[in-house]
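Input: a single structure, listed below in structure tokens.
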Amino acid sequence: MQYFDCDKIQFEGQGSKNPLAFKHYNPEELIDGKSMKDHLRFAAPYWHVMRNELADPFGGGTAVTPWDDGSNTVENALNRVDVFFEFLDKIGIDFYCWHDRDIAPELDNLAASNAALDQVVAKLKQKQQETGVQLLWGTACLFSHPRYSQGGATSPNAQVYAYAAAQVKKALECTHELDGLGYTFWGGREGYSTLLNTDMKRELDHLAAFLHMAVDHAKKIGFNGPFYIEPKPREPSTHQYDSDSAACLNFLREYGLMDHFKLNIETNHATLAGHTMEHELTVCNNANMLGSIDANRGDELIGWDTDQFPTDIYLTTQVMLCVLEMGGLTTGGLNFDAKRRRESHDPMDLMHAHIGGMDTFARGLKIAHNIRKDGRMSEFVQARYSTFDKDIGAKIEAGEVGFEELEKYALSNSEPTLGSGRQEMMENLLNEFI
């Protein structure tokens, strides 16, 4: 049975009026010698495509899911797998991501939940072999169940901590079984609601030990993919320890984990942290720590994680400039961690939403490539810092001078002449390409 009333979505170009066609995303089109699909590495999240009921804080779900009987059974979970791969085939997405509790039900005890997960993973593996689709990354859901209301790896209860470790162990093994390219940690409850009842240092120590155990187990089972941490500042917690890129990098450095982790950056999380996506990606790039991207957007008028599909061409251009600057995504990709709006409840709205996101990123890729090929932006930035390329500036960067030498230089030279930052010119130049 087919649940999406369309053929496989095709590229028809900018002149097409067909709402079920790509206008800009042409998978095989070469950009700087590399196909669009290899540049963009689109992934679909199982939790939004198959499991999101489209509820919000003020009302229940509206999603129409004729493939789902509403039961928390393995049989229902297995039925969803076929529908998901129908969707991937028709939209033309080659990667996907999952939480363990999205793909399989959580049952009365851990052993039963693990057995259910094994059954679904076996079917996912079969479908991957049939289609060539790859698992971009897996992860364990350590935030939905009431046992995790005070954290998983940062819980004040050692029994909860042990349960979380067992759940991650199994999810990591399932990711490895499916040849997953990476494994992600999102600390949705790894934080605090108030410091009045929190020993922050102890919780951070526990979290670091937890991640080191994950690294050790990955080596034991032969999993060679990178681990990702996904920053988010708040909601559901008042403060989460993985609040933004800089905080994550500081944590990883402090606890000796830099060699084993990279970051998975989400646009809406950057917004909630008070940053731009461009800022978060640049922080990662500067440390060579950008691993993957959750491609969505937020609404600045709404104070929670709205997970909207990306339709802002400025945003996707900035993202792709950062991706091209780092040399492209390898084990990571652009995962559409985005959901339809509550009123867009029909299954075909999944197609429209992903078409829009994929076209918007295709435009961002083309624009970013043209900006880099043109060179005027990078030339201006390079010229702005040109005083550090010779004389006293070169000595500063080489670490060959101290305050005494710099004082002597300042006293023997006239007042510095500072060039204009030309922000408006640079904004105009960006608009020229868009």
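So you can find residues: chains in the structure tokens are A, B, ... in the order shown, residues in each start at 1, and ligands are numbered from 1 in order.
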
**Request:** Step one, run DSSP on the backbone; step two, keep only residues of range 118-318 of chain A assigned to alpha helix (DSSP H); then write them as a PyMOL selection string.
**Result:** chain A and resi 118-131+158-177+200-221+245-254+267-272+277-286+313-318

**Message:** Could you list, as a VMD selection string, every residue within 10 Å of Ile293 in chain A, counting only C-alpha atoms and ignoring same-chain residues fewer than 6 positions away?
**Reply:** chain A and resid 42 to 43 230 263 to 267 281 319 323 329 332 to 337

Generate a file of the selected residues that holds N, CA, C and O atoms, formatted as a short mmCIF file (atom, residue, chain, number, x, y, z; two decimals), in the first residue's frame.
```
data_model
loop_
_atom_site.label_atom_id
_atom_site.label_comp_id
_atom_site.auth_asym_id
_atom_site.auth_seq_id
_atom_site.Cartn_x
_atom_site.Cartn_y
_atom_site.Cartn_z
N PHE A 42 21.44 15.36 2.46
CA PHE A 42 20.18 15.53 3.18
C PHE A 42 19.82 14.26 3.96
O PHE A 42 20.02 13.14 3.49
N ALA A 43 19.28 14.46 5.15
CA ALA A 43 18.81 13.36 5.98
C ALA A 43 17.42 13.70 6.51
O ALA A 43 17.07 14.87 6.70
N GLU A 230 25.03 17.89 20.53
CA GLU A 230 24.14 18.88 19.94
C GLU A 230 23.81 19.96 20.96
O GLU A 230 23.06 19.72 21.92
N LEU A 263 30.60 18.52 16.88
CA LEU A 263 29.31 19.09 17.26
C LEU A 263 28.30 18.95 16.13
O LEU A 263 28.65 19.00 14.94
N ASN A 264 27.05 18.75 16.52
CA ASN A 264 25.91 18.75 15.61
C ASN A 264 25.11 20.01 15.92
O ASN A 264 24.48 20.11 16.98
N ILE A 265 25.15 20.97 15.02
CA ILE A 265 24.59 22.30 15.29
C ILE A 265 23.19 22.43 14.69
O ILE A 265 22.98 22.13 13.51
N GLU A 266 22.25 22.89 15.50
CA GLU A 266 20.87 23.11 15.05
C GLU A 266 20.54 24.59 15.04
O GLU A 266 20.82 25.31 16.01
N THR A 267 19.93 25.03 13.96
CA THR A 267 19.63 26.46 13.80
C THR A 267 18.74 26.98 14.91
O THR A 267 19.00 28.03 15.51
N LEU A 281 28.23 27.98 13.75
CA LEU A 281 29.02 27.20 12.80
C LEU A 281 30.45 27.72 12.72
O LEU A 281 31.41 26.93 12.59
N VAL A 319 24.89 29.19 5.99
CA VAL A 319 25.24 27.82 6.40
C VAL A 319 26.18 27.20 5.38
O VAL A 319 27.22 26.61 5.73
N VAL A 323 29.95 25.59 5.51
CA VAL A 323 30.20 24.20 5.13
C VAL A 323 31.29 24.13 4.05
O VAL A 323 32.20 23.29 4.12
N LEU A 329 30.85 18.52 4.28
CA LEU A 329 30.47 17.53 5.27
C LEU A 329 30.94 16.15 4.83
O LEU A 329 30.95 15.84 3.63
N GLY A 332 28.86 13.63 8.52
CA GLY A 332 27.62 14.32 8.86
C GLY A 332 26.83 14.72 7.63
O GLY A 332 27.20 14.42 6.49
N GLY A 333 25.71 15.43 7.86
CA GLY A 333 24.88 15.88 6.76
C GLY A 333 23.95 16.98 7.21
O GLY A 333 24.12 17.56 8.29
N LEU A 334 22.98 17.28 6.37
CA LEU A 334 21.94 18.27 6.69
C LEU A 334 20.67 17.50 7.03
O LEU A 334 19.92 17.05 6.15
N ASN A 335 20.44 17.32 8.31
CA ASN A 335 19.28 16.58 8.80
C ASN A 335 18.12 17.54 9.04
O ASN A 335 18.25 18.48 9.84
N PHE A 336 17.00 17.30 8.39
CA PHE A 336 15.84 18.19 8.54
C PHE A 336 15.13 17.91 9.86
O PHE A 336 14.06 17.29 9.89
N ASP A 337 15.72 18.40 10.95
CA ASP A 337 15.07 18.29 12.26
C ASP A 337 13.98 19.36 12.32
O ASP A 337 14.06 20.33 13.06
#
```

**Message:** Considering only C-alpha atoms, can you say which of A:Gly399, A:Pro347, A:Gly13, A:Pro57 comes closest to Ile302 in chain A?
**Reply:** A:Pro57

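In this comparison, which uses only C-alpha atoms, the residue of A:Val283, A:Leu172, A:Ala162, A:Ile93 approaching Lys220 in chain A most closely is A:Leu172.
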
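Taking range 150-215 of chain A and asking which residues DSSP calls strand (DSSP E) on the backbone, you get Gly182, Tyr183, Thr184, Phe185, Gly191 and Tyr192 of chain A.
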
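Proximity to Asn109 in chain A was assessed for A:Thr311, A:Asn413, A:Gln167, A:Ser35 counting only C-alpha atoms; the smallest distance is recorded for A:Gln167.
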
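Taking CA of His39 in chain A and CA of Ala270 in chain A as the two end points, the separation is 22.4 Å.
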
**Item:** Spatial neighbours of Phe87 in chain A, 12 Å, only C-alpha atoms, chain gap at least 5 places, as a PyMOL selection string
**Value:** chain A and resi 2-9+43-46+49-50+80-82+92-96+133+347-352+354

Okay, now the selection with C-alpha atoms, as a PDB file, in the first residue's frame?
```pdb
ATOM      1  CA  GLN A   2       1.237   3.491  -0.902  1.00  0.00           C
ATOM      2  CA  TYR A   3       0.640   6.304   1.584  1.00  0.00           C
ATOM      3  CA  PHE A   4       2.050   9.260  -0.358  1.00  0.00           C
ATOM      4  CA  ASP A   5      -0.068  10.128  -3.393  1.00  0.00           C
ATOM      5  CA  CYS A   6       2.724  11.106  -5.767  1.00  0.00           C
ATOM      6  CA  ASP A   7       5.492   9.745  -7.941  1.00  0.00           C
ATOM      7  CA  LYS A   8       9.133  10.273  -7.058  1.00  0.00           C
ATOM      8  CA  ILE A   9       9.843  14.008  -6.814  1.00  0.00           C
ATOM      9  CA  ALA A  43      18.806  13.358   5.984  1.00  0.00           C
ATOM     10  CA  ALA A  44      15.284  12.815   7.314  1.00  0.00           C
ATOM     11  CA  PRO A  45      14.585  12.451  11.047  1.00  0.00           C
ATOM     12  CA  TYR A  46      12.405   9.492  11.959  1.00  0.00           C
ATOM     13  CA  VAL A  49       8.490  12.282   9.694  1.00  0.00           C
ATOM     14  CA  MET A  50       6.914   9.255  11.368  1.00  0.00           C
ATOM     15  CA  ARG A  80       6.061   2.448  10.108  1.00  0.00           C
ATOM     16  CA  VAL A  81       9.410   1.355   8.661  1.00  0.00           C
ATOM     17  CA  ASP A  82       7.874   0.536   5.267  1.00  0.00           C
ATOM     18  CA  GLY A  92      14.977  11.341  -2.849  1.00  0.00           C
ATOM     19  CA  ILE A  93      16.750  11.514   0.531  1.00  0.00           C
ATOM     20  CA  ASP A  94      19.626   9.090   1.074  1.00  0.00           C
ATOM     21  CA  PHE A  95      20.215   9.407   4.843  1.00  0.00           C
ATOM     22  CA  TYR A  96      18.129   9.265   8.006  1.00  0.00           C
ATOM     23  CA  VAL A 133      19.834   4.441   2.236  1.00  0.00           C
ATOM     24  CA  PRO A 347       0.768  13.277   4.744  1.00  0.00           C
ATOM     25  CA  MET A 348       1.480  15.120   1.497  1.00  0.00           C
ATOM     26  CA  ASP A 349       2.488  18.162   3.535  1.00  0.00           C
ATOM     27  CA  LEU A 350       5.611  16.169   4.423  1.00  0.00           C
ATOM     28  CA  MET A 351       6.513  16.258   0.734  1.00  0.00           C
ATOM     29  CA  HIS A 352       5.856  19.968   0.346  1.00  0.00           C
ATOM     30  CA  HIS A 354      10.914  18.800   2.453  1.00  0.00           C
TER      31      HIS A 354
END
```

**Request:** Could you check how far CA of Asn72 in chain A sits from CA of Glu106 in chain A, in Å to one decimal?
**Result:** 7.9 Å

**Item:** Shortest interatomic distance to Cys248 in chain A - which of A:Asp389, A:Asp68, A:Glu397, A:Glu280, counting only C-alpha atoms
**Value:**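 Under the stated criterion, the closest residue is A:Glu280.
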
**Request:** Determine the nearest neighbour of Asp205 in chain A from the options A:Phe403, A:Tyr228, A:Phe388, A:Phe251, counting only C-alpha atoms.
**Result:**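 Looking at the shortest contact to Asp205 in chain A, the residue is A:Phe251.
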
**Prompt:** Nearest to Glu235 in chain A among A:Ala208, A:Val215, A:Ala273, A:Val120, with distances taken over only C-alpha atoms: which residue is it?
**Reply:**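 Residue with the minimum atom-to-atom distance to Glu235 in chain A: A:Ala273.
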
**Message:** Excluding range 210-213 of chain A and its own-chain neighbours fewer than 2 positions away, which residues fall within 8 Å of it when counting only C-alpha atoms? Please give them as an NGL selection string.
**Reply:** :A and (153 or 165 or 206-208 or 215-217 or 257)

Dump of N, CA, C and O atoms for the selected residues, as a PDB file, in the first residue's frame:
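Below you can see part_14.pdb, which holds the result:
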```pdb
ATOM      1  N   ALA A 153      22.473  11.254  32.277  1.00  0.00           N
ATOM      2  CA  ALA A 153      23.883  11.208  32.679  1.00  0.00           C
ATOM      3  C   ALA A 153      24.209  12.228  33.758  1.00  0.00           C
ATOM      4  O   ALA A 153      25.305  12.205  34.322  1.00  0.00           O
ATOM      5  N   ALA A 165      22.909   4.682  30.954  1.00  0.00           N
ATOM      6  CA  ALA A 165      24.097   4.078  30.351  1.00  0.00           C
ATOM      7  C   ALA A 165      23.728   2.823  29.570  1.00  0.00           C
ATOM      8  O   ALA A 165      24.220   2.597  28.449  1.00  0.00           O
ATOM      9  N   HIS A 206      30.039  13.642  36.348  1.00  0.00           N
ATOM     10  CA  HIS A 206      29.317  12.422  35.994  1.00  0.00           C
ATOM     11  C   HIS A 206      29.078  12.355  34.482  1.00  0.00           C
ATOM     12  O   HIS A 206      29.199  11.282  33.867  1.00  0.00           O
ATOM     13  N   LEU A 207      28.716  13.496  33.886  1.00  0.00           N
ATOM     14  CA  LEU A 207      28.478  13.541  32.442  1.00  0.00           C
ATOM     15  C   LEU A 207      29.747  13.190  31.673  1.00  0.00           C
ATOM     16  O   LEU A 207      29.712  12.411  30.706  1.00  0.00           O
ATOM     17  N   ALA A 208      30.863  13.747  32.089  1.00  0.00           N
ATOM     18  CA  ALA A 208      32.136  13.453  31.419  1.00  0.00           C
ATOM     19  C   ALA A 208      32.481  11.973  31.534  1.00  0.00           C
ATOM     20  O   ALA A 208      32.922  11.341  30.560  1.00  0.00           O
ATOM     21  N   VAL A 215      32.818   6.287  24.747  1.00  0.00           N
ATOM     22  CA  VAL A 215      33.996   6.177  23.881  1.00  0.00           C
ATOM     23  C   VAL A 215      34.634   4.802  24.035  1.00  0.00           C
ATOM     24  O   VAL A 215      34.990   4.147  23.046  1.00  0.00           O
ATOM     25  N   ASP A 216      34.770   4.362  25.263  1.00  0.00           N
ATOM     26  CA  ASP A 216      35.381   3.050  25.519  1.00  0.00           C
ATOM     27  C   ASP A 216      34.558   1.925  24.904  1.00  0.00           C
ATOM     28  O   ASP A 216      35.108   0.973  24.326  1.00  0.00           O
ATOM     29  N   HIS A 217      33.224   2.019  25.024  1.00  0.00           N
ATOM     30  CA  HIS A 217      32.389   0.948  24.484  1.00  0.00           C
ATOM     31  C   HIS A 217      32.416   0.959  22.959  1.00  0.00           C
ATOM     32  O   HIS A 217      32.381  -0.113  22.324  1.00  0.00           O
ATOM     33  N   LEU A 257      38.012  15.166  25.987  1.00  0.00           N
ATOM     34  CA  LEU A 257      37.152  14.461  25.040  1.00  0.00           C
ATOM     35  C   LEU A 257      37.218  15.028  23.619  1.00  0.00           C
ATOM     36  O   LEU A 257      36.494  14.562  22.735  1.00  0.00           O
TER      37      LEU A 257
END
```
